[in-house]
Every structure is written in structure tokens, then in C-alpha cells.
file model.csv (CSV, C-alpha atoms)
chain,number,residue,atom,x,y,z
A,1,MET,CA,38.8,86.6,-72.9
A,2,SER,CA,36.6,86.2,-75.9
A,3,THR,CA,33.7,83.9,-75.6
A,4,GLY,CA,32.9,83.9,-79.3
A,5,THR,CA,33.7,81.1,-81.7
A,6,PHE,CA,34.7,81.8,-85.3
A,7,SER,CA,35.7,79.7,-88.2
A,8,THR,CA,39.4,78.8,-88.5
A,9,THR,CA,39.0,78.5,-92.2
A,10,PRO,CA,38.9,81.6,-94.4
A,11,THR,CA,36.0,81.9,-96.8
A,12,THR,CA,35.4,84.0,-99.9
A,13,ASP,CA,32.0,85.2,-98.9
A,14,ARG,CA,32.6,86.7,-95.5
A,15,PRO,CA,35.5,88.1,-93.5
A,16,TRP,CA,37.8,85.6,-91.7
A,17,VAL,CA,37.5,87.3,-88.3
A,18,GLN,CA,39.4,84.5,-86.5
A,19,GLU,CA,42.5,86.3,-87.9
A,20,MET,CA,42.0,89.1,-85.4
A,21,VAL,CA,41.6,86.7,-82.5
A,22,VAL,CA,45.0,85.3,-83.5
A,23,ILE,CA,46.6,88.7,-83.6
A,24,HIS,CA,45.0,89.7,-80.3
A,25,ARG,CA,46.8,86.8,-78.6
A,26,VAL,CA,50.1,88.5,-79.4
A,27,PHE,CA,49.1,91.6,-77.6
A,28,ARG,CA,47.8,89.7,-74.6
A,29,ARG,CA,51.0,87.6,-74.4
A,30,GLU,CA,53.5,90.4,-74.9
A,31,PHE,CA,51.8,93.0,-72.7
A,32,THR,CA,51.6,90.4,-69.9
A,33,LEU,CA,55.3,89.3,-70.3
A,34,LEU,CA,57.1,92.5,-71.0
A,35,PRO,CA,56.3,94.4,-67.8
A,36,ARG,CA,57.7,91.5,-65.8
A,37,LEU,CA,60.9,91.5,-67.9
A,38,VAL,CA,61.3,95.2,-67.4
A,39,ARG,CA,61.0,94.7,-63.6
A,40,GLU,CA,63.6,91.9,-63.6
A,41,VAL,CA,66.4,94.0,-65.2
A,42,ALA,CA,69.1,94.9,-62.7
A,43,ASP,CA,69.7,98.6,-62.0
A,44,GLY,CA,72.0,100.0,-64.7
A,45,ASP,CA,72.1,96.9,-66.9
A,46,THR,CA,71.6,98.6,-70.2
A,47,ASP,CA,72.7,95.6,-72.2
A,48,ARG,CA,69.8,93.6,-70.8
A,49,ALA,CA,67.4,96.5,-71.2
A,50,ALA,CA,68.1,97.1,-74.9
A,51,PRO,CA,66.4,94.0,-76.4
A,52,ILE,CA,63.4,94.4,-74.1
A,53,ALA,CA,63.1,98.0,-75.1
A,54,GLU,CA,63.3,96.9,-78.8
A,55,ALA,CA,60.5,94.4,-78.2
A,56,LEU,CA,58.3,97.0,-76.5
A,57,ARG,CA,58.7,99.4,-79.3
A,58,LEU,CA,57.9,96.7,-81.9
A,59,ILE,CA,54.7,95.7,-80.1
A,60,LEU,CA,53.6,99.3,-79.4
A,61,ASP,CA,54.1,100.1,-83.1
A,62,GLY,CA,52.2,96.9,-84.1
A,63,LEU,CA,49.3,97.9,-81.9
A,64,HIS,CA,49.3,101.4,-83.2
A,65,HIS,CA,49.1,100.3,-86.8
A,66,HIS,CA,46.5,97.7,-85.9
A,67,HIS,CA,44.3,100.3,-84.2
A,68,SER,CA,44.8,102.9,-86.9
A,69,GLY,CA,43.5,100.5,-89.5
A,70,GLU,CA,40.4,100.0,-87.4
A,71,ASP,CA,40.0,103.7,-87.0
A,72,ASP,CA,40.4,104.3,-90.8
A,73,ILE,CA,38.5,101.3,-92.2
A,74,LEU,CA,36.5,99.3,-89.7
A,75,TRP,CA,34.7,101.9,-87.5
A,76,PRO,CA,33.5,104.0,-90.4
A,77,ALA,CA,32.0,100.9,-92.1
A,78,LEU,CA,30.3,99.8,-89.0
A,79,LEU,CA,29.0,103.3,-88.1
A,80,GLU,CA,27.4,103.4,-91.6
A,81,ARG,CA,26.0,99.9,-91.8
A,82,ALA,CA,25.4,98.6,-88.2
A,83,ALA,CA,23.2,101.5,-87.0
A,84,PRO,CA,21.7,99.8,-83.9
A,85,SER,CA,25.2,99.2,-82.7
A,86,THR,CA,26.7,102.7,-83.2
A,87,GLY,CA,27.0,103.2,-79.5
A,88,LEU,CA,29.1,100.1,-79.2
A,89,VAL,CA,31.4,101.4,-82.0
A,90,GLU,CA,31.7,104.7,-80.3
A,91,THR,CA,32.8,102.8,-77.1
A,92,MET,CA,35.5,101.1,-79.1
A,93,GLN,CA,36.7,104.4,-80.4
A,94,ALA,CA,36.8,105.8,-76.9
A,95,GLN,CA,38.7,102.8,-75.7
A,96,HIS,CA,41.3,103.4,-78.4
A,97,GLY,CA,41.8,106.9,-76.9
A,98,VAL,CA,42.4,105.5,-73.4
A,99,VAL,CA,44.9,103.0,-74.7
A,100,ASP,CA,46.6,105.7,-76.8
A,101,GLY,CA,46.9,107.8,-73.6
A,102,TYR,CA,48.8,105.0,-71.8
A,103,ALA,CA,51.1,104.6,-74.8
A,104,GLU,CA,51.9,108.3,-74.7
A,105,GLN,CA,52.9,107.9,-71.1
A,106,ALA,CA,55.0,104.8,-71.8
A,107,VAL,CA,57.0,106.0,-74.7
A,108,PRO,CA,59.1,108.7,-72.9
A,109,LEU,CA,59.6,106.4,-69.9
A,110,LEU,CA,60.8,103.6,-72.3
A,111,GLY,CA,63.4,105.9,-73.8
A,112,ALA,CA,64.7,107.0,-70.4
A,113,TRP,CA,64.8,103.5,-69.1
A,114,GLU,CA,66.6,102.2,-72.2
A,115,ARG,CA,69.3,104.8,-71.7
A,116,THR,CA,69.9,104.2,-68.0
A,117,ALA,CA,68.2,100.9,-67.0
A,118,SER,CA,67.3,102.8,-63.8
A,119,SER,CA,65.3,100.5,-61.5
A,120,SER,CA,63.0,103.4,-60.4
A,121,THR,CA,62.3,104.3,-64.0
A,122,GLY,CA,61.8,100.6,-64.9
A,123,THR,CA,59.3,100.3,-62.1
A,124,GLU,CA,57.4,103.4,-63.3
A,125,LEU,CA,57.4,102.1,-66.8
A,126,ALA,CA,56.2,98.6,-65.8
A,127,ASP,CA,53.4,100.1,-63.7
A,128,VAL,CA,52.2,102.2,-66.7
A,129,LEU,CA,52.4,99.1,-68.9
A,130,ASP,CA,50.3,97.2,-66.4
A,131,ARG,CA,47.6,99.8,-66.6
A,132,PHE,CA,48.0,99.9,-70.3
A,133,ALA,CA,47.5,96.1,-70.5
A,134,ALA,CA,44.3,96.2,-68.3
A,135,ALA,CA,42.7,98.8,-70.6
A,136,LEU,CA,43.8,97.1,-73.7
A,137,PHE,CA,42.6,93.6,-72.6
A,138,GLU,CA,39.2,95.0,-71.7
A,139,HIS,CA,39.0,96.5,-75.2
A,140,LEU,CA,40.2,93.3,-76.9
A,141,ASP,CA,37.6,91.2,-75.0
A,142,LEU,CA,34.8,93.5,-76.0
A,143,GLU,CA,35.9,93.6,-79.6
A,144,GLU,CA,36.0,89.9,-79.9
A,145,ARG,CA,32.7,89.4,-78.1
A,146,GLU,CA,30.6,92.1,-79.7
A,147,ILE,CA,32.4,93.7,-82.7
A,148,LEU,CA,33.6,90.6,-84.7
A,149,PRO,CA,30.1,89.2,-85.1
A,150,LEU,CA,29.1,92.6,-86.5
A,151,VAL,CA,32.1,92.5,-88.9
A,152,GLU,CA,31.0,89.1,-90.2
A,153,ARG,CA,27.6,90.6,-91.1
A,154,HIS,CA,28.5,94.1,-92.3
A,155,VAL,CA,32.1,94.2,-93.6
A,156,THR,CA,33.2,92.9,-97.0
A,157,VAL,CA,36.0,90.5,-97.4
A,158,ALA,CA,38.0,93.1,-99.4
A,159,GLU,CA,37.5,95.7,-96.6
A,160,TRP,CA,38.6,93.2,-94.0
A,161,ASN,CA,41.7,92.2,-96.0
A,162,SER,CA,42.6,95.8,-96.4
A,163,LEU,CA,43.1,96.0,-92.6
A,164,GLY,CA,46.0,93.6,-92.8
A,165,GLU,CA,47.4,95.3,-95.9
A,166,HIS,CA,47.2,98.7,-94.1
A,167,GLY,CA,49.4,97.3,-91.2
A,168,ILE,CA,51.9,95.7,-93.5
A,169,GLU,CA,52.3,98.9,-95.5
A,170,GLU,CA,52.9,101.0,-92.4
A,171,MET,CA,55.4,98.7,-90.6
A,172,ASP,CA,59.2,98.6,-91.1
A,173,LYS,CA,59.6,95.8,-93.6
A,174,LYS,CA,62.7,94.5,-91.8
A,175,MET,CA,60.6,93.7,-88.8
A,176,LEU,CA,57.8,91.9,-90.7
A,177,PRO,CA,59.3,88.4,-90.2
A,178,ILE,CA,59.5,89.0,-86.4
A,179,LEU,CA,55.9,90.3,-86.4
A,180,PHE,CA,54.7,87.2,-88.3
A,181,GLY,CA,56.7,85.0,-86.0
A,182,ALA,CA,55.0,86.6,-83.0
A,183,ILE,CA,51.6,86.1,-84.6
A,184,LEU,CA,52.3,82.4,-85.5
A,185,GLU,CA,53.8,81.5,-82.1
A,186,ASP,CA,50.5,80.7,-80.3
A,187,ALA,CA,48.5,79.9,-83.5
A,188,THR,CA,46.9,76.5,-83.9
A,189,PRO,CA,48.1,74.5,-86.9
A,190,ASP,CA,44.9,75.4,-88.8
A,191,GLU,CA,45.3,79.0,-88.0
A,192,ARG,CA,49.0,79.0,-89.0
A,193,ARG,CA,48.2,77.4,-92.3
A,194,ALA,CA,45.4,80.0,-92.9
A,195,MET,CA,47.5,83.0,-92.0
A,196,LEU,CA,50.4,81.8,-94.2
A,197,ALA,CA,48.0,81.0,-97.1
A,198,LYS,CA,47.1,84.6,-97.4
A,199,GLN,CA,50.7,85.5,-98.3
A,200,PRO,CA,52.4,85.1,-101.7
A,201,LEU,CA,54.4,81.9,-102.2
A,202,VAL,CA,57.8,83.6,-101.9
A,203,VAL,CA,56.7,85.4,-98.7
A,204,ARG,CA,55.5,82.1,-97.2
A,205,VAL,CA,58.9,80.4,-97.9
A,206,ILE,CA,60.8,83.4,-96.3
A,207,LEU,CA,58.5,83.4,-93.3
A,208,LYS,CA,58.7,79.6,-92.7
A,209,VAL,CA,62.5,79.4,-93.1
A,210,LEU,CA,64.4,82.6,-92.6
A,211,GLY,CA,61.7,84.3,-90.7
A,212,ALA,CA,61.3,81.5,-88.2
A,213,ARG,CA,65.1,81.5,-87.4
A,214,GLN,CA,65.1,85.3,-87.1
A,215,TYR,CA,62.1,85.2,-84.7
A,216,ARG,CA,63.8,82.5,-82.5
A,217,ARG,CA,66.9,84.6,-82.2
A,218,PHE,CA,64.8,87.7,-81.3
A,219,VAL,CA,62.8,85.8,-78.7
A,220,THR,CA,65.9,84.4,-77.1
A,221,ARG,CA,67.4,87.8,-76.8
A,222,VAL,CA,64.3,89.3,-75.3
A,223,ARG,CA,63.2,86.5,-73.0
A,224,GLY,CA,66.7,85.4,-72.1
A,225,GLN,CA,65.9,81.8,-72.9
call {"tool": "encode", "arguments": {"input": "model.csv", "output": "C-alpha cells"}}
result
Amino acid sequence: MSTGTFSTTPTTDRPWVQEMVVIHRVFRREFTLLPRLVREVADGDTDRAAPIAEALRLILDGLHHHHSGEDDILWPALLERAAPSTGLVETMQAQHGVVDGYAEQAVPLLGAWERTASSSTGTELADVLDRFAAALFEHLDLEEREILPLVERHVTVAEWNSLGEHGIEEMDKKMLPILFGAILEDATPDERRAMLAKQPLVVRVILKVLGARQYRRFVTRVRGQ
């Protein structure tokens, strides 16, 4: 886990990097929980497999867009401006490649498991997800410990904000309330206020009312509680 401490209050003069820590919690939570849920599905129970498969696709898509924003915006900026740390940035890029490799293994297994809910396929999928999670968590820990302090020094607020805008533009808009719900689930009250404050008023209202209900229904279907 990260050992860094960052401000929970956004500023106008430097990037609010705590935002990434909040988002990383989602990936840690879901990629810990979902392999267990896959293993718990009874052989052939496609009704139970369906919502778990939907959640897996959503979190895989969210991670893909999160990483593609870093690839397009963050790494080029740091390679240009944080010259003594270029080796670290190259390590982060290589770790993206490793994580992407596990995602490529998981996607076809996910499709096969969703169709049949085969226990053997589910076990294979869950095992890949466990290896995926181990590689991802190593990457997230390093990013929080070493990269975010560099971001505070070398990346502009506008560039940092464009990372979030990139993800929103790429995602299915119907799923955005669920994604925001996932992000806010483990956020502290200060973090929640800061995350919502970055959104237009009408979006804040939708997320706090309709989005919260939609997310609760989604979580109940996925987690069975």
C-alpha cells in the first residue's frame, strides 16, 4: 500500500494527486473481491455469473481507460520534465504491459465463463485474476509511493485534470453513475466532497441521488447482499 500522504483538499496551483489514491482503492477492492465471487458461483449457474461478469467488464474497462490516460498524458510529461526519474517512468510503462497481458488472458475466459458458468473455467479465470491483481497492486503501490510526488512537482493542474476528462470521455456514459459510486464507496467525507466538487452542479445532484440508488442496486446484484 502507499506510504505517501497527500492533501485531501484540491488546490489551484498543483495537481490534487489524492484523487488517484481514491481511484486506486476501487481497483484494490474489486480485484480482491471479484475472484472470490467467481469461485463461489455454482457450476452452471449462469444467472449468478451474469452480474459478476458485468462488474468484471466494468472494472477492466475502467482500468484500461485509467491506464490509457496515463500512457497518453502522464508518462510523456514526466519523461520530458523529470529527467532523473525516467527509469522509474519506464518501469511504470513496462508494468502497464504486464497488467495488459493478464487482461488479455482474462477477457476470453470471462466470456466463456459467463456463457456456461463452468466451475473449471471459473477457477481458471479466478486464478488469472489473482495473478492480475498481484501485478496491478505492485504497480499501484509504486505509483503512489514514487510517481505521485513527481506529479506534484512536474505536472500542471490542467494536465492532471485532463486525465479524468479522458476517462469520462472514453467510458459508456450509462455506466458513469456506477463508476462514481464505486469511487465514492470507500472515500472519506473530505475526499467525497472534493471528488463531487469537481463535477458540474447538475452532475453532482444526479450522482448523489439517482447515481447512489443505481450503485446500491448494482452492488446488491454483484455481491449478493
call {"tool": "closest_residue", "arguments": {"input": "model.csv", "among": "A:Met92, A:Lys173, A:Asp71, A:Gly62", "to": "Glu144 in chain A", "atoms": "all atoms listed in the file"}}
result
A:Met92
call {"tool": "closest_residue", "arguments": {"input": "model.csv", "among": "A:Gln95, A:Gln105, A:Thr156, A:Thr123", "to": "Ala135 in chain A", "atoms": "only C-alpha atoms"}}
result
A:Gln95
call {"tool": "closest_residue", "arguments": {"input": "model.csv", "among": "A:Pro200, A:Pro189, A:Pro76, A:Gly181", "to": "Arg213 in chain A", "atoms": "all atoms listed in the file"}}
result
A:Gly181
call {"tool": "residues_around", "arguments": {"input": "model.csv", "residues": "Leu63 in chain A", "least_positions_apart": "3", "cutoff": "10 Å", "atoms": "all atoms listed in the file", "output": "list in words"}}
result
Ile23, His24, Val26, Phe27, Arg57, Leu58, Ile59, Leu60, His66, His67, Ser68, Gly69, Val99, Asp100, Ala103, Leu136 and Gly167 of chain A
call {"tool": "atom_distance", "arguments": {"input": "model.csv", "atom1": "CA of Ala182 in chain A", "atom2": "CA of Val219 in chain A"}}
result
8.9 Å
call {"tool": "closest_residue", "arguments": {"input": "model.csv", "among": "A:Ala42, A:Leu207, A:Met195, A:Met20", "to": "Ala117 in chain A", "atoms": "all atoms listed in the file"}}
result
A:Ala42
call {"tool": "residues_around", "arguments": {"input": "model.csv", "residues": "Thr91 in chain A", "least_positions_apart": "3", "cutoff": "12 Å", "atoms": "all atoms listed in the file", "output": "ChimeraX atom specification"}}
result
/A:75,79,85-88,94-98,138-139,142-143,146-147
call {"tool": "closest_residue", "arguments": {"input": "model.csv", "among": "A:Val107, A:Asp130, A:Leu148, A:Glu90", "to": "Glu54 in chain A", "atoms": "only C-alpha atoms"}}
result
A:Val107
call {"tool": "atom_distance", "arguments": {"input": "model.csv", "atom1": "CA of Val22 in chain A", "atom2": "CA of Leu110 in chain A"}}
result
26.6 Å
call {"tool": "closest_residue", "arguments": {"input": "model.csv", "among": "A:Arg28, A:Pro177, A:Gly224, A:Val17", "to": "Glu40 in chain A", "atoms": "only C-alpha atoms"}}
result
A:Gly224
call {"tool": "atom_distance", "arguments": {"input": "model.csv", "atom1": "CA of Leu74 in chain A", "atom2": "CA of Leu163 in chain A"}}
result
7.9 Å
